[in-house]
$ cat entry.txt   # compact mmCIF, C-alpha atoms
# COMPACT_ATOMS: atom_id res chain seq x y z
CA MET A 297 58.19 62.08 239.69
CA ALA A 298 61.89 61.39 239.22
CA ARG A 299 61.99 63.77 236.27
CA LEU A 300 60.20 66.48 238.29
CA ALA A 301 62.56 66.01 241.24
CA ALA A 302 65.56 66.31 238.93
CA ALA A 303 64.16 69.51 237.43
CA ILE A 304 63.65 71.00 240.90
CA LEU A 305 67.21 70.07 241.87
CA VAL A 306 68.66 71.73 238.75
CA ALA A 307 66.59 74.87 239.33
CA THR A 308 67.72 74.99 242.96
CA LEU A 309 71.38 74.65 242.06
CA ALA A 310 71.05 77.37 239.39
CA ALA A 311 69.29 79.83 241.70
CA PRO A 312 71.27 82.60 243.43
CA ALA A 313 72.36 81.84 246.98
CA PHE A 314 70.29 84.83 248.12
CA ALA A 315 68.43 87.61 246.37
CA LEU A 316 69.65 91.18 246.59
CA THR A 317 66.93 93.55 247.71
CA PRO A 318 66.27 96.88 245.98
CA GLY A 319 68.80 99.55 246.90
CA ASP A 320 72.59 99.69 247.17
CA HIS A 321 74.85 96.85 248.27
CA ALA A 322 78.63 97.10 248.82
CA ILE A 323 80.16 93.68 248.21
CA ASP A 324 83.68 92.69 249.21
CA MET A 325 85.47 89.89 247.41
CA ARG A 326 88.95 88.57 246.89
CA HIS A 327 90.47 88.27 243.44
CA ALA A 328 94.02 87.39 242.37
CA GLY A 329 95.27 87.77 245.93
CA MET A 330 93.77 91.24 246.36
CA GLU A 331 90.82 92.53 248.37
CA ARG A 332 88.37 94.08 245.91
CA ARG A 333 84.94 95.69 246.18
CA TYR A 334 81.98 96.62 244.03
CA ILE A 335 78.69 98.40 244.63
CA VAL A 336 75.52 97.14 242.96
CA HIS A 337 72.36 99.23 242.70
CA VAL A 338 69.20 97.12 242.44
CA PRO A 339 66.04 98.79 241.10
CA PRO A 340 62.58 98.21 242.58
CA GLY A 341 60.59 95.18 241.42
CA GLU A 342 61.10 91.46 241.57
CA GLY A 343 61.08 88.38 239.37
CA LYS A 344 62.81 89.87 236.32
CA ARG A 345 66.04 88.96 234.55
CA LEU A 346 67.49 92.45 234.60
CA PRO A 347 70.13 93.91 232.29
CA VAL A 348 73.42 95.02 233.86
CA VAL A 349 75.40 98.22 233.29
CA LEU A 350 79.00 98.16 234.52
CA ASN A 351 79.92 101.78 235.29
CA LEU A 352 83.63 102.36 235.93
CA HIS A 353 85.03 105.36 237.79
CA GLY A 354 87.79 107.58 236.46
CA GLY A 355 91.44 107.51 237.50
CA GLY A 356 91.89 108.76 241.06
CA GLY A 357 88.23 108.13 241.89
CA ASN A 358 86.27 105.34 243.51
CA ALA A 359 82.98 103.54 243.03
CA LEU A 360 80.95 105.49 245.61
CA ALA A 361 82.02 108.96 244.45
CA HIS A 362 81.42 107.95 240.83
CA GLN A 363 77.97 106.58 241.63
CA GLN A 364 77.02 109.88 243.24
CA TYR A 365 78.48 111.94 240.38
CA VAL A 366 77.00 110.22 237.31
CA ARG A 367 73.46 109.89 238.75
CA MET A 368 72.60 106.74 236.79
CA ASP A 369 70.57 105.08 239.56
CA ALA A 370 67.41 107.11 238.94
CA LEU A 371 67.35 105.93 235.32
CA ALA A 372 68.02 102.36 236.45
CA ASP A 373 65.02 102.54 238.79
CA ARG A 374 62.81 103.88 236.02
CA GLU A 375 63.95 101.52 233.26
CA GLY A 376 64.70 98.44 235.35
CA PHE A 377 68.39 97.53 235.17
CA LEU A 378 71.20 96.79 237.61
CA VAL A 379 74.12 99.22 237.87
CA VAL A 380 77.43 97.81 239.05
CA TYR A 381 80.13 100.22 240.22
CA PRO A 382 83.41 98.35 240.80
CA ASP A 383 86.44 99.80 242.57
CA GLY A 384 89.79 99.88 240.81
CA THR A 385 93.07 99.42 242.67
CA GLY A 386 95.62 101.69 244.27
CA PRO A 387 98.22 101.95 247.02
CA ILE A 388 95.61 103.33 249.47
CA PRO A 389 92.47 101.17 249.81
CA GLY A 390 89.40 103.05 248.61
CA ARG A 391 91.29 106.15 247.45
CA LEU A 392 93.02 107.30 244.27
CA LEU A 393 92.01 104.13 242.44
CA THR A 394 92.77 103.35 238.80
CA TRP A 395 92.16 100.71 236.12
CA ASN A 396 94.74 98.75 234.17
CA ALA A 397 93.32 99.74 230.79
CA GLY A 398 96.50 99.30 228.74
CA THR A 399 99.03 102.11 228.75
CA CYS A 400 97.01 103.84 231.48
CA CYS A 401 96.81 104.07 234.49
CA GLY A 402 98.31 103.70 237.92
CA VAL A 403 101.09 101.82 239.63
CA VAL A 404 99.16 98.59 240.31
CA GLN A 405 99.00 96.44 237.18
CA ALA A 406 96.00 94.43 238.35
CA ASP A 407 94.13 91.81 236.34
CA ASP A 408 91.11 94.07 235.96
CA VAL A 409 89.60 92.13 233.06
CA GLY A 410 89.68 89.03 235.26
CA PHE A 411 88.25 91.06 238.14
CA VAL A 412 85.26 92.22 236.07
CA ARG A 413 84.66 88.63 234.97
CA ALA A 414 84.74 87.61 238.64
CA VAL A 415 82.34 90.42 239.56
CA LEU A 416 79.84 89.16 236.98
CA ASP A 417 80.19 85.62 238.32
CA ASP A 418 79.79 86.81 241.90
CA LEU A 419 76.75 88.90 240.97
CA ALA A 420 75.14 85.86 239.32
CA ALA A 421 75.38 84.03 242.65
CA ARG A 422 73.41 86.84 244.29
CA ILE A 423 70.75 87.83 241.77
CA THR A 424 69.47 86.52 238.43
CA TYR A 425 70.37 88.87 235.58
CA ASP A 426 70.18 88.78 231.80
CA VAL A 427 73.56 87.49 230.63
CA GLU A 428 72.81 88.60 227.07
CA ARG A 429 72.40 92.23 228.15
CA VAL A 430 75.53 93.18 230.07
CA TYR A 431 76.95 96.57 229.08
CA ALA A 432 80.00 98.61 230.07
CA THR A 433 80.64 102.32 230.38
CA GLY A 434 83.01 104.49 232.36
CA LEU A 435 84.57 107.91 232.68
CA SER A 436 88.14 108.77 231.63
CA ASN A 437 90.35 105.87 232.79
CA GLY A 438 87.10 103.93 233.30
CA ALA A 439 86.17 104.63 229.68
CA MET A 440 89.56 103.29 228.62
CA MET A 441 88.86 100.18 230.66
CA SER A 442 85.50 99.68 228.96
CA TYR A 443 87.37 99.45 225.63
CA ARG A 444 89.63 96.79 227.10
CA LEU A 445 86.57 94.84 228.25
CA ALA A 446 85.10 95.04 224.75
CA ALA A 447 88.34 93.71 223.29
CA GLU A 448 89.12 91.00 225.85
CA LEU A 449 85.76 90.11 227.42
CA SER A 450 83.48 90.36 224.42
CA GLY A 451 81.91 87.03 225.33
CA ARG A 452 80.29 88.75 228.31
CA ILE A 453 79.91 92.39 227.19
CA ALA A 454 77.13 93.19 224.70
CA ALA A 455 78.04 96.86 224.01
CA ILE A 456 80.05 99.74 225.48
CA ALA A 457 79.64 103.51 225.83
CA PRO A 458 82.93 105.15 226.91
CA VAL A 459 82.83 108.75 228.19
CA ALA A 460 85.84 111.11 227.99
CA GLY A 461 88.48 108.43 227.60
CA SER A 462 89.86 106.79 224.46
CA MET A 463 91.21 103.29 223.90
CA VAL A 464 94.78 102.93 225.20
CA LEU A 465 95.52 99.35 224.23
CA LEU A 466 98.68 99.30 222.11
CA ARG A 467 97.03 96.70 219.91
CA PHE A 468 93.75 94.87 219.97
CA SER A 469 92.06 92.05 218.17
CA ALA A 470 88.37 92.06 218.92
CA GLN A 471 86.92 88.57 219.24
CA ARG A 472 83.72 89.80 217.56
CA PRO A 473 82.19 93.10 216.41
CA VAL A 474 81.13 95.03 219.55
CA PRO A 475 78.75 98.04 219.39
CA VAL A 476 80.35 101.28 220.62
CA MET A 477 78.97 104.72 221.44
CA HIS A 478 81.78 107.10 222.40
CA ILE A 479 81.06 110.45 224.14
CA HIS A 480 83.80 113.10 224.27
CA SER A 481 84.24 116.88 224.20
CA VAL A 482 86.73 118.52 221.85
CA ASP A 483 87.35 121.00 224.71
CA ASP A 484 88.24 118.29 227.23
CA PRO A 485 91.27 119.72 229.10
CA ARG A 486 92.54 116.36 230.37
CA ALA A 487 91.79 113.51 227.94
CA LEU A 488 92.77 115.51 224.87
CA TYR A 489 90.36 114.94 221.98
CA ASN A 490 92.96 115.32 219.24
CA GLY A 491 95.62 113.49 221.22
CA GLY A 492 98.86 114.66 222.76
CA LEU A 493 100.56 114.90 226.14
CA GLY A 494 97.96 115.69 228.77
CA PRO A 495 98.41 117.67 231.99
CA PRO A 496 99.85 115.96 235.09
CA PHE A 497 97.53 113.83 237.15
CA PRO A 498 96.51 115.65 240.36
CA MET A 499 99.20 115.62 243.05
CA THR A 500 101.67 113.86 240.71
CA GLU A 501 104.04 114.65 237.88
CA THR A 502 102.68 111.77 235.80
CA ARG A 503 101.43 112.69 232.34
CA LEU A 504 99.74 110.54 229.71
CA LEU A 505 100.18 110.65 225.96
CA HIS A 506 96.57 110.56 224.83
CA PRO A 507 95.62 109.02 221.49
CA SER A 508 93.31 110.80 219.09
CA VAL A 509 89.67 110.02 219.89
CA GLU A 510 88.58 109.82 216.26
CA GLY A 511 91.72 107.92 215.30
CA ARG A 512 91.22 105.14 217.85
CA LEU A 513 87.46 105.01 217.33
CA GLY A 514 88.17 104.75 213.61
CA GLU A 515 90.22 101.62 214.31
CA TRP A 516 87.31 100.14 216.21
CA ALA A 517 84.89 101.13 213.43
CA LYS A 518 87.13 99.32 210.94
CA ALA A 519 87.09 96.21 213.13
CA ASN A 520 83.29 96.52 213.21
CA GLY A 521 83.20 96.56 209.40
CA CYS A 522 82.07 100.18 209.12
CA ALA A 523 82.63 102.72 206.37
CA ALA A 524 85.74 104.84 206.90
CA THR A 525 84.04 108.18 207.63
CA PRO A 526 81.04 108.81 209.91
CA VAL A 527 78.16 111.10 208.94
CA GLU A 528 76.48 113.64 211.21
CA ALA A 529 73.06 112.28 212.12
CA GLU A 530 71.94 114.73 214.81
CA ARG A 531 72.92 118.03 216.45
CA ARG A 532 71.93 119.66 219.73
CA GLU A 533 72.71 122.89 221.57
CA TRP A 534 72.57 124.08 225.17
CA VAL A 535 73.48 127.37 226.86
CA ASN A 536 74.65 127.31 230.48
CA SER A 537 73.94 129.88 233.19
CA ALA A 538 77.01 131.88 232.17
CA GLY A 539 75.73 132.21 228.60
CA GLN A 540 78.27 129.75 227.18
CA ARG A 541 77.03 127.69 224.23
CA HIS A 542 77.62 123.95 224.16
CA THR A 543 76.96 121.73 221.15
CA ALA A 544 76.69 117.99 220.59
CA ALA A 545 76.90 116.29 217.19
CA ARG A 546 76.10 112.61 216.86
CA LEU A 547 78.28 111.03 214.18
CA ALA A 548 77.22 107.62 212.93
CA TYR A 549 79.28 105.14 210.91
CA SER A 550 77.45 103.27 208.17
CA GLY A 551 77.68 99.70 206.90
CA CYS A 552 78.69 98.34 210.31
CA ARG A 553 78.36 94.80 211.53
CA ALA A 554 78.06 96.39 214.99
CA GLU A 555 76.68 99.90 215.51
CA THR A 556 79.40 102.50 216.02
CA GLN A 557 78.73 106.13 216.98
CA LEU A 558 80.43 109.22 218.36
CA TRP A 559 78.89 112.07 220.31
CA ARG A 560 81.31 114.96 219.64
CA LEU A 561 80.72 117.79 222.12
CA THR A 562 82.00 121.36 222.33
CA GLY A 563 82.09 123.63 225.38
CA ALA A 564 82.11 120.82 227.94
CA GLY A 565 85.12 119.70 229.93
CA HIS A 566 86.34 116.31 231.13
CA VAL A 567 82.89 115.45 232.44
CA TRP A 568 79.91 113.11 232.44
CA PRO A 569 77.18 114.97 230.49
CA GLY A 570 74.07 115.10 232.64
CA GLY A 571 75.96 114.25 235.83
CA VAL A 572 76.34 116.62 238.78
CA LEU A 573 76.79 119.98 237.09
CA ASP A 574 80.15 121.74 237.39
CA TYR A 575 81.69 119.08 239.62
CA LEU A 576 85.31 120.09 240.36
CA PRO A 577 85.36 122.67 237.54
CA TRP A 578 88.89 123.80 238.47
CA LEU A 579 90.09 120.31 237.56
CA LEU A 580 87.61 118.98 235.01
CA GLY A 581 86.25 122.09 233.29
CA PRO A 582 82.59 122.97 232.66
CA GLY A 583 79.83 120.45 233.14
CA THR A 584 77.10 120.20 230.54
CA ARG A 585 73.46 119.39 229.92
CA VAL A 586 73.75 119.41 226.13
CA ILE A 587 73.01 115.67 226.29
CA ASP A 588 72.32 113.28 229.12
CA ALA A 589 74.92 110.54 228.80
CA ASN A 590 72.84 108.11 230.84
CA GLU A 591 69.78 108.50 228.62
CA GLU A 592 71.74 108.32 225.37
CA MET A 593 73.75 105.25 226.28
CA TRP A 594 70.74 103.41 227.67
CA ARG A 595 68.84 104.08 224.43
CA PHE A 596 71.90 102.72 222.59
CA PHE A 597 72.26 99.69 224.86
CA THR A 598 68.62 98.64 224.45
CA ARG A 599 69.26 98.05 220.75
CA HIS A 600 71.94 95.44 221.44
CA SER A 601 72.25 92.07 223.11
CA LEU A 602 74.99 89.48 223.17
CA PRO A 603 74.68 86.87 220.40
CA PRO A 604 74.19 83.46 222.04
CA SER A 605 77.09 82.09 219.98
CA ALA A 606 79.43 84.67 221.56
CA ARG A 607 78.68 83.88 225.21
CA MET A 608 81.45 82.50 227.38
$ encode --input "entry.txt" --output "structure tokens"
Amino acid sequence: MARLAAAILVATLAAPAFALTPGDHAIDMRHAGMERRYIVHVPPGEGKRLPVVLNLHGGGGNALAHQQYVRMDALADREGFLVVYPDGTGPIPGRLLTWNAGTCCGVVQADDVGFVRAVLDDLAARITYDVERVYATGLSNGAMMSYRLAAELSGRIAAIAPVAGSMVLLRFSAQRPVPVMHIHSVDDPRALYNGGLGPPFPMTETRLLHPSVEGRLGEWAKANGCAATPVEAERREWVNSAGQRHTAARLAYSGCRAETQLWRLTGAGHVWPGGVLDYLPWLLGPGTRVIDANEEMWRFFTRHSLPPSARM
């Protein structure tokens, strides 16, 4: 009886304080002296240890607008995973938010790696999730931040899938090989694929010197033990309503200790493939359906889990 009572006590202490119901929940928390927020989308169903996808908005955005734009929740409901949309920081609460991803972006140099760690801890107090299947993605500045998480929080992040934003850490030393699937268009007008000084951020004169996508991904591939040059493994095409042809080539590195891939698109702008089509085209360029980023990254994520020895 004593052993049974002890087991019940341990289970009670380990259980979440309350269970999040299916749907969307906006959660306020305080971290490092700042008021922060994240949205979590919970799929239907109960009693499962669900995977988690951290989905980070782009610079100047916010969690709610990003959630509506990328349209990941429908896939989460179908496949059964949690989607967490955190807010970055900025001088105006809830607006024009950014992530401290390295050399980009914003005026508030917040401890965003620590914030994401705190979000995962806070989420664990609210719902049971699979700690070995926590993934990160994001758009633009959010993509840059997902690279920082892979480098500095690899004990919690099983794999990443950045979209339209390259790694902007001046230097990195990955704690372990981390699987990466990068998605980027060579015709991106803002996060320049081949690198160089990008256009000013909206309503500012601030410009960012973008690194080469293939150059920085090549550094990550080297850290993952891959061969130097990727090989094209797949190609797709799509024609939009204006008759413009978009292509997508999936380039895969070989010999890796952690899978490393690049979806290299043409025709698309600074966008989330498969998201709301032609969202702010005057700013971001053409949307695309040549691939569905949500579907491709989820297929990629399901092949990877965090090694138990790496957990922290």
$ closest_residue --input "entry.txt" --among "A:Pro603, A:Pro339, A:Gly491, A:Pro485" --to "Arg472 in chain A" --atoms "all atoms listed in the file"
A:Pro603
$ closest_residue --input "entry.txt" --among "A:Pro347, A:Gly402, A:Gly521, A:Gly565" --to "Pro473 in chain A" --atoms "only C-alpha atoms"
A:Gly521
$ residues_around --input "entry.txt" --residues "Glu331 in chain A" --least-positions-apart "6" --cutoff "10 Å" --atoms "only C-alpha atoms" --output "PyMOL selection string"
chain A and resi 324-325+385+389
$ residues_near_point --input "entry.txt" --point "(74.3, 126.6, 228.0)" --cutoff "10 Å" --atoms "all atoms listed in the file" --output "number ranges by chain"
A: 533-543, 563-564, 583-586
$ residues_around --input "entry.txt" --residues "His600 in chain A" --least-positions-apart "5" --cutoff "9 Å" --atoms "only C-alpha atoms" --output "PyMOL selection string"
chain A and resi 428-429+454-455+475+554-555
$ write_last_selection --input "entry.txt" --atoms "C-alpha atoms" --output "compact mmCIF listing (two decimals), keeping the file's coordinate frame"
# COMPACT_ATOMS: atom_id res chain seq x y z
CA GLU A 428 72.81 88.60 227.07
CA ARG A 429 72.40 92.23 228.15
CA ALA A 454 77.13 93.19 224.70
CA ALA A 455 78.04 96.86 224.01
CA PRO A 475 78.75 98.04 219.39
CA ALA A 554 78.06 96.39 214.99
CA GLU A 555 76.68 99.90 215.51
